[in-house]
$ cat protein38.txt   # compact mmCIF, C-alpha atoms and all ligand atoms
# COMPACT_ATOMS: atom_id res chain seq x y z
CA MET A 1 97.49 105.10 101.20
CA THR A 2 101.07 105.91 100.18
CA SER A 3 101.41 109.26 98.46
CA ILE A 4 104.09 111.17 96.58
CA PRO A 5 104.32 114.85 97.42
CA SER A 6 104.72 117.15 94.45
CA VAL A 7 108.45 117.25 93.88
CA ARG A 8 108.76 119.83 91.15
CA PRO A 9 110.03 123.25 92.23
CA ALA A 10 108.12 126.30 90.99
CA PRO A 11 109.28 127.41 87.51
CA ALA A 12 109.97 130.95 88.71
CA ALA A 13 110.54 133.08 91.78
CA PHE A 14 108.49 136.05 93.00
CA GLY A 15 109.48 139.23 91.19
CA ASP A 16 111.13 137.46 88.24
CA PRO A 17 110.43 138.97 84.83
CA VAL A 18 108.45 136.66 82.53
CA SER A 19 111.63 136.14 80.50
CA ALA A 20 113.12 134.27 83.49
CA VAL A 21 110.23 131.78 83.84
CA ASP A 22 111.38 128.23 83.13
CA THR A 23 109.37 126.90 80.17
CA PRO A 24 107.02 125.35 79.35
CA ALA A 25 105.02 126.94 82.16
CA LEU A 26 101.46 128.06 82.75
CA LEU A 27 101.07 131.80 83.18
CA VAL A 28 97.99 133.44 84.63
CA GLU A 29 97.59 137.11 83.75
CA LEU A 30 96.26 138.22 87.11
CA GLY A 31 94.41 141.32 85.90
CA ALA A 32 92.29 139.36 83.40
CA PHE A 33 91.85 136.48 85.84
CA GLU A 34 90.61 138.75 88.63
CA ARG A 35 88.22 140.53 86.26
CA ASN A 36 86.81 137.16 85.15
CA ILE A 37 86.23 136.06 88.75
CA ALA A 38 84.60 139.36 89.68
CA ARG A 39 82.37 139.48 86.59
CA MET A 40 80.93 136.00 87.07
CA ALA A 41 80.37 136.67 90.78
CA ALA A 42 78.59 139.96 89.98
CA PHE A 43 76.50 138.23 87.31
CA ALA A 44 75.33 135.52 89.73
CA LYS A 45 74.52 138.08 92.39
CA GLU A 46 72.57 140.24 89.98
CA LYS A 47 70.56 137.30 88.62
CA GLY A 48 69.93 135.82 92.06
CA VAL A 49 71.51 132.43 91.29
CA ARG A 50 74.05 130.60 93.41
CA LEU A 51 77.51 130.31 91.88
CA ARG A 52 79.35 127.02 92.38
CA PRO A 53 82.31 127.22 89.98
CA HIS A 54 83.76 124.01 88.63
CA GLY A 55 87.14 123.23 90.18
CA LYS A 56 88.08 120.72 87.46
CA THR A 57 89.32 123.72 85.47
CA HIS A 58 91.94 124.89 87.96
CA LYS A 59 92.38 122.05 90.51
CA CYS A 60 93.86 124.69 92.77
CA ALA A 61 92.66 125.40 96.32
CA THR A 62 93.94 129.00 96.21
CA ILE A 63 91.67 129.73 93.26
CA ALA A 64 88.72 127.90 94.84
CA ARG A 65 89.09 130.07 97.94
CA ALA A 66 89.28 133.22 95.78
CA GLN A 67 86.04 132.23 94.05
CA ILE A 68 84.35 131.63 97.41
CA ASP A 69 85.69 134.92 98.78
CA ALA A 70 84.07 136.60 95.75
CA GLY A 71 80.68 135.08 96.60
CA ALA A 72 80.58 131.47 95.38
CA VAL A 73 78.78 129.01 97.69
CA GLY A 74 81.46 126.36 97.20
CA VAL A 75 82.96 124.48 94.27
CA CYS A 76 82.23 121.44 92.13
CA CYS A 77 84.70 118.78 91.18
CA GLN A 78 84.47 115.46 89.34
CA LYS A 79 86.53 113.06 91.43
CA VAL A 80 86.88 112.11 95.09
CA SER A 81 90.63 112.78 94.96
CA GLU A 82 89.91 116.31 93.72
CA ALA A 83 87.40 116.79 96.54
CA GLU A 84 90.06 115.63 99.01
CA ALA A 85 92.52 118.20 97.68
CA PHE A 86 89.97 121.01 97.93
CA VAL A 87 88.87 120.07 101.44
CA ALA A 88 92.52 119.80 102.55
CA GLY A 89 92.96 123.28 101.07
CA GLY A 90 90.20 124.72 103.25
CA VAL A 91 87.13 124.50 100.99
CA GLU A 92 84.09 123.70 103.12
CA ASP A 93 81.42 123.01 100.50
CA VAL A 94 82.17 120.63 97.62
CA LEU A 95 79.78 119.00 95.16
CA VAL A 96 81.17 116.04 93.25
CA SER A 97 79.10 116.68 90.13
CA ASN A 98 79.57 113.14 89.00
CA GLU A 99 78.65 109.53 89.80
CA ILE A 100 80.92 107.71 92.26
CA VAL A 101 80.28 103.96 92.54
CA MET A 102 83.39 102.29 93.96
CA PRO A 103 82.93 101.41 97.66
CA SER A 104 86.44 102.52 98.66
CA LYS A 105 85.97 105.91 97.01
CA LEU A 106 82.55 106.33 98.61
CA ARG A 107 84.04 105.67 102.04
CA ARG A 108 86.64 108.39 101.36
CA LEU A 109 83.84 110.71 100.25
CA ALA A 110 81.90 110.00 103.45
CA ALA A 111 85.03 110.72 105.51
CA LEU A 112 85.24 114.22 103.98
CA THR A 113 81.97 115.19 105.69
CA ALA A 114 83.93 115.56 108.94
CA LYS A 115 85.40 118.75 107.47
CA ALA A 116 83.05 119.90 104.72
CA ARG A 117 79.56 119.84 103.28
CA ILE A 118 79.70 117.20 100.56
CA GLY A 119 77.37 116.47 97.67
CA VAL A 120 77.42 113.76 95.02
CA CYS A 121 75.33 112.63 92.04
CA VAL A 122 73.46 109.39 91.40
CA ASP A 123 71.82 108.06 88.26
CA HIS A 124 71.49 104.31 88.90
CA PRO A 125 69.99 102.19 91.70
CA ARG A 126 73.17 100.13 92.07
CA GLY A 127 75.32 103.23 92.40
CA LEU A 128 72.91 104.52 95.00
CA GLU A 129 73.11 101.25 96.96
CA ALA A 130 76.90 101.61 97.07
CA LEU A 131 76.50 105.17 98.38
CA ILE A 132 73.95 103.99 100.96
CA ALA A 133 76.44 101.37 102.18
CA ALA A 134 79.12 104.04 102.78
CA ALA A 135 76.88 106.81 104.14
CA PRO A 136 76.65 105.58 107.78
CA GLU A 137 80.35 106.45 108.10
CA ALA A 138 79.60 110.10 107.27
CA ALA A 139 79.76 112.69 110.04
CA ARG A 140 76.73 114.51 108.59
CA PRO A 141 74.27 113.80 105.78
CA ILE A 142 75.63 113.74 102.25
CA ASP A 143 73.70 115.86 99.74
CA VAL A 144 72.49 113.69 96.90
CA TYR A 145 71.66 115.10 93.49
CA ILE A 146 69.77 113.01 90.96
CA GLU A 147 71.55 113.55 87.68
CA LEU A 148 69.25 114.02 84.71
CA ASP A 149 70.36 113.57 81.11
CA VAL A 150 69.45 116.97 79.70
CA GLY A 151 70.66 116.25 76.19
CA GLY A 152 74.32 115.32 76.51
CA GLY A 153 73.55 111.60 76.27
CA ARG A 154 76.30 110.61 78.74
CA CYS A 155 75.37 110.19 82.41
CA GLY A 156 72.02 110.88 84.05
CA ILE A 157 68.64 109.24 84.27
CA GLU A 158 66.56 109.21 81.12
CA ARG A 159 63.14 108.45 82.60
CA ILE A 160 61.22 110.28 85.29
CA GLU A 161 60.12 106.99 86.93
CA ASP A 162 63.78 106.21 87.59
CA GLY A 163 64.14 109.52 89.40
CA LEU A 164 61.13 108.76 91.59
CA ARG A 165 62.59 105.37 92.54
CA LEU A 166 65.93 106.94 93.42
CA MET A 167 64.13 109.58 95.49
CA ASP A 168 62.29 106.93 97.54
CA ARG A 169 65.48 105.03 98.24
CA ILE A 170 67.42 108.20 99.18
CA GLY A 171 64.59 109.18 101.54
CA ALA A 172 64.82 105.87 103.37
CA ALA A 173 68.61 105.89 103.70
CA ARG A 174 70.62 106.93 106.72
CA ASN A 175 72.84 110.00 106.31
CA LEU A 176 71.63 110.89 102.81
CA ALA A 177 69.56 113.94 101.93
CA LEU A 178 67.97 114.55 98.54
CA ALA A 179 69.36 117.98 97.67
CA GLY A 180 68.33 118.47 94.08
CA ILE A 181 68.85 117.79 90.40
CA GLN A 182 72.19 117.83 88.56
CA ALA A 183 71.43 119.05 85.03
CA TYR A 184 74.59 119.92 83.07
CA GLN A 185 74.30 120.11 79.28
CA GLY A 186 77.95 119.57 78.36
CA SER A 187 77.44 119.13 74.64
CA ALA A 188 75.81 122.58 74.40
CA GLN A 189 78.84 124.50 75.68
CA HIS A 190 80.79 124.66 72.44
CA LEU A 191 77.97 124.87 69.95
CA ARG A 192 79.33 127.82 68.03
CA LYS A 193 76.11 129.75 67.37
CA PRO A 194 74.30 131.44 70.28
CA ALA A 195 70.96 130.29 68.81
CA GLU A 196 72.09 126.65 68.87
CA ARG A 197 73.12 126.93 72.50
CA ARG A 198 69.84 128.63 73.34
CA ALA A 199 67.83 125.82 71.73
CA ALA A 200 69.86 123.16 73.58
CA ILE A 201 69.30 124.84 76.95
CA GLU A 202 65.59 125.33 76.25
CA GLU A 203 65.35 121.56 75.81
CA ALA A 204 67.41 120.98 78.99
CA VAL A 205 65.10 123.29 80.95
CA ARG A 206 62.03 121.46 79.60
CA ARG A 207 63.40 118.14 80.87
CA VAL A 208 64.36 119.60 84.25
CA VAL A 209 60.92 121.09 84.76
CA ALA A 210 59.27 117.73 84.04
CA LEU A 211 61.49 115.90 86.56
CA ARG A 212 61.26 118.60 89.20
CA GLU A 213 57.45 118.65 88.98
CA ALA A 214 57.28 114.88 89.27
CA LEU A 215 59.64 114.79 92.28
CA THR A 216 57.72 117.59 93.99
CA LYS A 217 54.38 115.86 93.38
CA HIS A 218 55.95 112.72 94.84
CA GLY A 219 56.73 114.60 98.06
CA ALA A 220 60.19 116.09 97.60
CA GLY A 221 61.00 119.22 99.60
CA GLN A 222 63.01 122.16 98.27
CA LEU A 223 65.19 121.00 95.34
CA ILE A 224 68.25 122.81 94.01
CA VAL A 225 68.63 122.62 90.24
CA THR A 226 72.32 122.90 89.41
CA GLY A 227 74.30 122.83 86.16
CA ALA A 228 75.64 125.11 83.39
CA GLY A 229 79.06 125.92 81.96
CA THR A 230 80.90 128.87 80.51
CA GLY A 231 79.16 128.58 77.13
CA THR A 232 75.59 128.73 78.44
CA PHE A 233 75.48 129.94 82.09
CA TYR A 234 73.54 133.08 81.14
CA LEU A 235 70.79 130.93 79.63
CA GLU A 236 70.34 128.63 82.63
CA ALA A 237 70.45 131.66 84.92
CA ALA A 238 67.71 133.37 82.91
CA SER A 239 65.53 130.25 82.84
CA GLY A 240 64.05 130.80 86.29
CA VAL A 241 64.52 127.04 86.81
CA TYR A 242 68.21 126.72 87.62
CA ASP A 243 69.12 127.80 91.15
CA GLU A 244 72.86 127.30 90.81
CA ILE A 245 75.39 127.59 87.98
CA GLN A 246 78.65 125.62 87.64
CA PRO A 247 80.88 127.39 85.08
CA GLY A 248 84.55 126.45 85.25
CA SER A 249 86.52 127.66 82.24
CA TYR A 250 85.45 131.30 82.56
CA ILE A 251 88.38 132.06 84.86
CA PHE A 252 90.96 131.14 82.17
CA MET A 253 89.15 130.64 78.83
CA ASP A 254 90.89 128.81 75.99
CA ARG A 255 91.08 128.74 72.21
CA ASP A 256 88.05 126.45 71.91
CA TYR A 257 85.81 128.82 73.89
CA GLY A 258 87.35 131.68 71.93
CA ASP A 259 85.91 130.09 68.78
CA ASN A 260 82.33 130.34 70.13
CA GLU A 261 80.24 133.19 68.81
CA TRP A 262 78.70 135.21 71.64
CA ALA A 263 75.35 136.94 71.42
CA ALA A 264 76.61 139.67 73.72
CA GLU A 265 80.10 140.78 74.65
CA ALA A 266 78.94 140.47 78.26
CA TRP A 267 79.12 136.67 78.04
CA ARG A 268 82.67 136.54 76.68
CA PHE A 269 85.43 136.27 79.28
CA GLU A 270 89.09 137.22 78.86
CA ASN A 271 91.96 134.84 78.15
CA SER A 272 94.01 134.78 81.31
CA LEU A 273 95.82 131.44 80.89
CA PHE A 274 98.85 131.12 78.64
CA LEU A 275 101.37 128.39 78.08
CA LEU A 276 104.76 130.07 77.97
CA THR A 277 107.08 128.26 75.58
CA THR A 278 110.57 128.83 74.16
CA VAL A 279 111.89 128.39 70.62
CA MET A 280 114.46 125.58 70.92
CA SER A 281 115.24 124.98 67.26
CA ARG A 282 114.82 127.11 64.17
CA ARG A 283 114.89 126.63 60.40
CA ALA A 284 113.85 128.81 57.50
CA SER A 285 110.55 126.91 57.23
CA HIS A 286 109.54 126.73 60.89
CA ALA A 287 110.47 127.19 64.54
CA VAL A 288 110.30 124.40 67.13
CA VAL A 289 109.03 125.21 70.64
CA ASP A 290 109.41 123.21 73.85
CA ALA A 291 105.66 122.63 74.37
CA GLY A 292 104.12 119.37 73.17
CA HIS A 293 101.56 116.84 74.38
CA LYS A 294 103.12 116.68 77.84
CA SER A 295 102.46 120.34 78.54
CA HIS A 296 99.09 121.06 76.93
CA GLY A 297 95.89 119.32 75.86
CA VAL A 298 95.09 119.38 72.15
CA ASP A 299 91.90 117.29 72.41
CA SER A 300 89.92 120.39 71.39
CA GLY A 301 92.37 121.46 68.70
CA MET A 302 95.63 123.37 68.52
CA PRO A 303 96.50 126.36 70.66
CA ALA A 304 96.55 129.85 69.20
CA VAL A 305 99.73 131.92 69.39
CA ALA A 306 98.75 134.89 71.54
CA GLY A 307 99.14 138.23 69.81
CA ARG A 308 100.52 136.58 66.66
CA ALA A 309 97.65 135.81 64.29
CA ASP A 310 100.37 135.46 61.64
CA LEU A 311 101.76 132.30 63.28
CA LEU A 312 100.35 128.79 63.58
CA TYR A 313 101.19 126.09 66.12
CA ASP A 314 100.97 122.56 64.66
CA ARG A 315 102.46 119.05 64.60
CA PRO A 316 102.73 118.58 68.40
CA SER A 317 104.75 115.61 69.58
CA ASP A 318 105.56 114.59 73.16
CA GLU A 319 107.93 117.45 73.95
CA HIS A 320 107.84 119.62 70.83
CA GLY A 321 105.52 121.79 68.81
CA GLU A 322 106.14 123.49 65.50
CA ILE A 323 105.45 127.10 64.59
CA PHE A 324 104.68 127.95 60.98
CA PRO A 325 103.99 131.22 59.21
CA ALA A 326 100.27 131.77 58.62
CA THR A 327 100.85 134.61 56.14
CA PRO A 328 103.56 135.24 53.55
CA GLN A 329 104.77 138.27 55.55
CA ALA A 330 105.06 136.45 58.89
CA VAL A 331 108.45 136.57 60.55
CA LEU A 332 109.19 133.41 62.53
CA PRO A 333 110.47 133.83 66.11
CA GLU A 334 114.19 133.38 66.69
CA LEU A 335 115.91 130.72 68.77
CA GLY A 336 115.48 131.43 72.48
CA GLN A 337 112.48 133.70 71.95
CA GLN A 338 109.40 133.06 74.10
CA LEU A 339 105.87 132.74 72.79
CA ARG A 340 102.59 132.60 74.68
CA LEU A 341 100.15 129.94 73.54
CA ILE A 342 96.42 130.09 74.30
CA PRO A 343 95.71 126.43 75.12
CA GLY A 344 93.15 124.61 72.96
CA HIS A 345 91.47 123.27 76.13
CA CYS A 346 92.27 124.72 79.54
CA ASP A 347 91.23 121.82 81.85
CA PRO A 348 93.47 119.01 80.54
CA THR A 349 96.31 121.53 80.13
CA VAL A 350 96.20 122.57 83.77
CA ASN A 351 96.16 118.91 84.83
CA LEU A 352 99.65 118.52 83.30
CA HIS A 353 101.27 121.19 85.47
CA ASP A 354 102.33 121.52 89.10
CA TRP A 355 102.24 125.32 89.25
CA LEU A 356 100.35 128.33 88.01
CA VAL A 357 102.58 131.37 87.67
CA GLY A 358 100.64 134.60 88.27
CA ILE A 359 101.89 137.58 86.27
CA ARG A 360 101.30 141.26 86.91
CA ASP A 361 103.01 144.02 84.91
CA GLY A 362 105.32 141.48 83.30
CA HIS A 363 106.61 140.04 86.58
CA VAL A 364 105.84 137.02 88.72
CA ALA A 365 103.38 138.08 91.43
CA ALA A 366 101.89 134.72 92.50
CA LEU A 367 102.90 131.05 92.55
CA TRP A 368 99.97 128.67 93.10
CA PRO A 369 100.40 124.93 93.47
CA ILE A 370 97.90 122.86 91.49
CA GLU A 371 97.18 120.50 94.38
CA ALA A 372 94.71 118.32 92.51
CA ARG A 373 96.93 117.94 89.44
CA GLY A 374 96.70 114.28 88.44
CA ALA A 375 93.80 113.72 90.85
CA PHE A 376 91.61 111.76 88.47
CA SER A 377 90.58 108.91 90.77
C1 LIG B 1 79.24 118.79 85.48
C2 LIG B 1 79.96 119.95 84.94
N1 LIG B 1 79.59 121.19 85.32
C3 LIG B 1 80.23 122.29 84.88
C4 LIG B 1 81.30 122.19 83.99
C5 LIG B 1 81.99 123.46 83.59
O1 LIG B 1 82.11 123.64 82.26
P1 LIG B 1 83.04 124.80 81.63
O2 LIG B 1 84.44 124.52 82.07
O3 LIG B 1 82.86 124.58 80.20
O4 LIG B 1 82.54 126.06 82.16
C6 LIG B 1 81.70 120.92 83.55
C7 LIG B 1 82.79 120.78 82.58
O5 LIG B 1 83.01 119.81 81.94
C8 LIG B 1 81.02 119.78 84.04
O6 LIG B 1 81.37 118.55 83.66
$ encode --input "protein38.txt" --output "structure tokens"
Amino acid sequence: MTSIPSVRPAPAAFGDPVSAVDTPALLVELGAFERNIARMAAFAKEKGVRLRPHGKTHKCATIARAQIDAGAVGVCCQKVSEAEAFVAGGVEDVLVSNEIVMPSKLRRLAALTAKARIGVCVDHPRGLEALIAAAPEAARPIDVYIELDVGGGRCGIERIEDGLRLMDRIGAARNLALAGIQAYQGSAQHLRKPAERRAAIEEAVRRVVALREALTKHGAGQLIVTGAGTGTFYLEAASGVYDEIQPGSYIFMDRDYGDNEWAAEAWRFENSLFLLTTVMSRRASHAVVDAGHKSHGVDSGMPAVAGRADLLYDRPSDEHGEIFPATPQAVLPELGQQLRLIPGHCDPTVNLHDWLVGIRDGHVAALWPIEARGAFS
């Protein structure tokens, strides 16, 4: 396969003050980021659940290794190309928490077993047949997780009988091992009220228990139940049913997660990711910044302006965004001034950038390439 190496130079140099960072650029406040990593790792340890953070948030091998160094068993990702980037970056345990059905991708997945423990999800007999066809090329068995629809209504089996059939076929296949149940309730993560999230996860747990009991009665060995995100991880962990949690966004957070209500401060993580942007045009009515659709994802709504509740970001276009006063007293930023935006949604924002610029005490202290940026195949 022909490939293009990342050609963009880093937007800053070590030791630069933030004011010298070329914008738009993604800043990571290292203090908050490190506290987030440590808190989730301590939580998992205390509750006795395995932590397998989702790498789709950061797509960065340096961060994956930091999470593993803090106690995570490995990482998740969604795509084979992401898994390839993580394995190339030294990660030795990767679960593709997603269905992969294309034969060429499955062969690439099988090839990764030469360097790492690899898992993948199935929810359909035809997808499983494609995996079975590729598995003999694997250097060691691939962990297979039967994905269960736990309420999200997207992927995953809906009927227990389908899970039993998949289990039989996995058991008879060469180089495949039934590892467990993938049970991620994505549509629960941003339910704003803690009670709504609790009810959604109670239903997810009910469905998992029914499938797990049926698989066990059918002869399955030890099964790992894996799932959970930043909005609900504490609920799955408390269920006594989930063995492993997969939160991703907790390392950075974003405006959308910031809009959740949290039952306890303990479950709220700190914003560590900011999109640094510069005012490039200015009128009496508004300021124009250099951050638009090509530098942040607004699928979950507009970013907030960090530390400036009196300003609103709106009307993004490809390369521009507009800043308006939110109160009559607000003073708009001047031309050339920098603002920090809290992205509406961290994952698609990160995917637009080549570099994460780590900041400590107002200066550049880390430059991390986002190796899996654009790896969506
Ligand atoms: C399967 C799976 N697990 C875990 C996560 C992590 O979710 P979050 O980033 O909200 O913590 C996601 C995110 O979409 C996901 O798809």
$ closest_residue --input "protein38.txt" --among "A:Leu215, A:Ala110, A:Leu341, A:Leu235" --to "Arg255 in chain A" --atoms "all atoms listed in the file"
A:Leu341
$ residues_around --input "protein38.txt" --residues "range 84-97 of chain A" --least-positions-apart "5" --cutoff "7 Å" --atoms "only C-alpha atoms" --output "list in words"
Ala61, Arg65, Gly74, Val75, Cys76, Cys77, Gln78, Lys79, Lys115, Ala116, Arg117, Ile118, Gly119, Val120, Cys121, Glu371 and Ala372 of chain A
$ residues_around --input "protein38.txt" --residues "Met280 in chain A" --least-positions-apart "5" --cutoff "10 Å" --atoms "all atoms listed in the file" --output "JSON, numbers by chain"
{"A": [287, 288, 289, 290, 291, 320, 321, 334, 335, 336, 337, 338]}
$ residues_around --input "protein38.txt" --residues "Leu339 in chain A" --least-positions-apart "6" --cutoff "8 Å" --atoms "only C-alpha atoms" --output "ChimeraX atom specification"
/A:276-279,305-306
$ atom_distance --input "protein38.txt" --atom1 "CA of Arg192 in chain A" --atom2 "CA of Asn260 in chain A"
4.4 Å
$ decode --input "protein38.txt" --residues "range 136-232 of chain A" --atoms "C-alpha atoms" --output "compact mmCIF listing (two decimals), in the first residue's frame"
# COMPACT_ATOMS: atom_id res chain seq x y z
CA PRO A 136 -5.64 -18.79 9.66
CA GLU A 137 -3.16 -16.05 8.69
CA ALA A 138 -2.99 -14.88 12.32
CA ALA A 139 0.12 -15.62 14.36
CA ARG A 140 -2.00 -16.29 17.46
CA PRO A 141 -5.73 -16.54 18.16
CA ILE A 142 -7.80 -13.40 17.69
CA ASP A 143 -10.08 -12.53 20.63
CA VAL A 144 -13.66 -12.35 19.44
CA TYR A 145 -16.30 -10.38 21.30
CA ILE A 146 -19.97 -10.86 20.48
CA GLU A 147 -21.43 -7.38 20.35
CA LEU A 148 -24.81 -7.03 22.02
CA ASP A 149 -27.19 -4.15 21.33
CA VAL A 150 -27.64 -2.81 24.85
CA GLY A 151 -30.00 -0.03 23.88
CA GLY A 152 -28.13 2.09 21.34
CA GLY A 153 -29.96 0.46 18.42
CA ARG A 154 -26.91 0.58 16.12
CA CYS A 155 -24.66 -2.50 15.94
CA GLY A 156 -24.91 -5.68 18.00
CA ILE A 157 -27.06 -8.76 18.10
CA GLU A 158 -30.63 -8.31 19.24
CA ARG A 159 -31.51 -11.92 20.05
CA ILE A 160 -29.81 -14.34 22.39
CA GLU A 161 -30.20 -17.23 19.89
CA ASP A 162 -28.01 -15.28 17.46
CA GLY A 163 -25.31 -15.06 20.11
CA LEU A 164 -25.42 -18.81 20.69
CA ARG A 165 -25.04 -19.47 16.96
CA LEU A 166 -22.07 -17.11 16.74
CA MET A 167 -20.52 -18.81 19.77
CA ASP A 168 -20.76 -22.26 18.16
CA ARG A 169 -19.16 -21.04 14.95
CA ILE A 170 -16.36 -19.20 16.80
CA GLY A 171 -15.67 -22.35 18.82
CA ALA A 172 -15.21 -24.41 15.67
CA ALA A 173 -12.96 -21.89 13.91
CA ARG A 174 -9.19 -21.99 13.71
CA ASN A 175 -7.33 -19.14 15.42
CA LEU A 176 -10.41 -17.54 16.99
CA ALA A 177 -11.17 -17.48 20.71
CA LEU A 178 -14.46 -16.31 22.19
CA ALA A 179 -13.28 -13.65 24.64
CA GLY A 180 -16.47 -12.01 25.78
CA ILE A 181 -19.31 -9.59 25.17
CA GLN A 182 -18.98 -6.06 23.78
CA ALA A 183 -21.74 -4.01 25.44
CA TYR A 184 -21.33 -0.26 24.87
CA GLN A 185 -24.38 1.94 25.40
CA GLY A 186 -23.37 4.94 23.30
CA SER A 187 -26.70 6.73 23.38
CA ALA A 188 -26.59 6.85 27.20
CA GLN A 189 -23.36 8.85 27.42
CA HIS A 190 -24.82 12.30 26.86
CA LEU A 191 -28.19 11.89 28.52
CA ARG A 192 -28.00 15.03 30.61
CA LYS A 193 -29.56 13.77 33.85
CA PRO A 194 -27.68 11.23 36.00
CA ALA A 195 -30.96 9.38 36.62
CA GLU A 196 -31.53 8.95 32.87
CA ARG A 197 -28.06 7.54 32.41
CA ARG A 198 -28.55 5.23 35.38
CA ALA A 199 -31.80 3.87 33.93
CA ALA A 200 -30.17 3.30 30.52
CA ILE A 201 -27.26 1.37 32.05
CA GLU A 202 -29.60 -0.69 34.25
CA GLU A 203 -31.33 -1.82 31.05
CA ALA A 204 -27.95 -2.52 29.39
CA VAL A 205 -26.85 -4.61 32.37
CA ARG A 206 -30.13 -6.57 32.27
CA ARG A 207 -29.52 -7.47 28.61
CA VAL A 208 -25.88 -8.39 29.24
CA VAL A 209 -26.79 -10.68 32.12
CA ALA A 210 -29.34 -12.52 29.96
CA LEU A 211 -26.81 -13.09 27.16
CA ARG A 212 -23.96 -14.00 29.48
CA GLU A 213 -26.12 -16.56 31.30
CA ALA A 214 -27.23 -18.11 28.03
CA LEU A 215 -23.67 -18.32 26.66
CA THR A 216 -22.40 -19.82 29.92
CA LYS A 217 -25.21 -22.39 29.98
CA HIS A 218 -24.28 -23.21 26.38
CA GLY A 219 -20.73 -24.03 27.48
CA ALA A 220 -18.78 -20.78 27.22
CA GLY A 221 -15.75 -20.41 29.49
CA GLN A 222 -14.76 -17.18 31.24
CA LEU A 223 -16.29 -14.19 29.38
CA ILE A 224 -15.12 -10.60 29.65
CA VAL A 225 -17.95 -8.05 29.55
CA THR A 226 -16.56 -4.82 28.14
CA GLY A 227 -18.09 -1.42 27.38
CA ALA A 228 -18.81 2.01 28.95
CA GLY A 229 -17.85 5.59 28.16
CA THR A 230 -17.05 8.78 30.01
CA GLY A 231 -20.71 9.53 30.79
CA THR A 232 -21.50 6.22 32.48
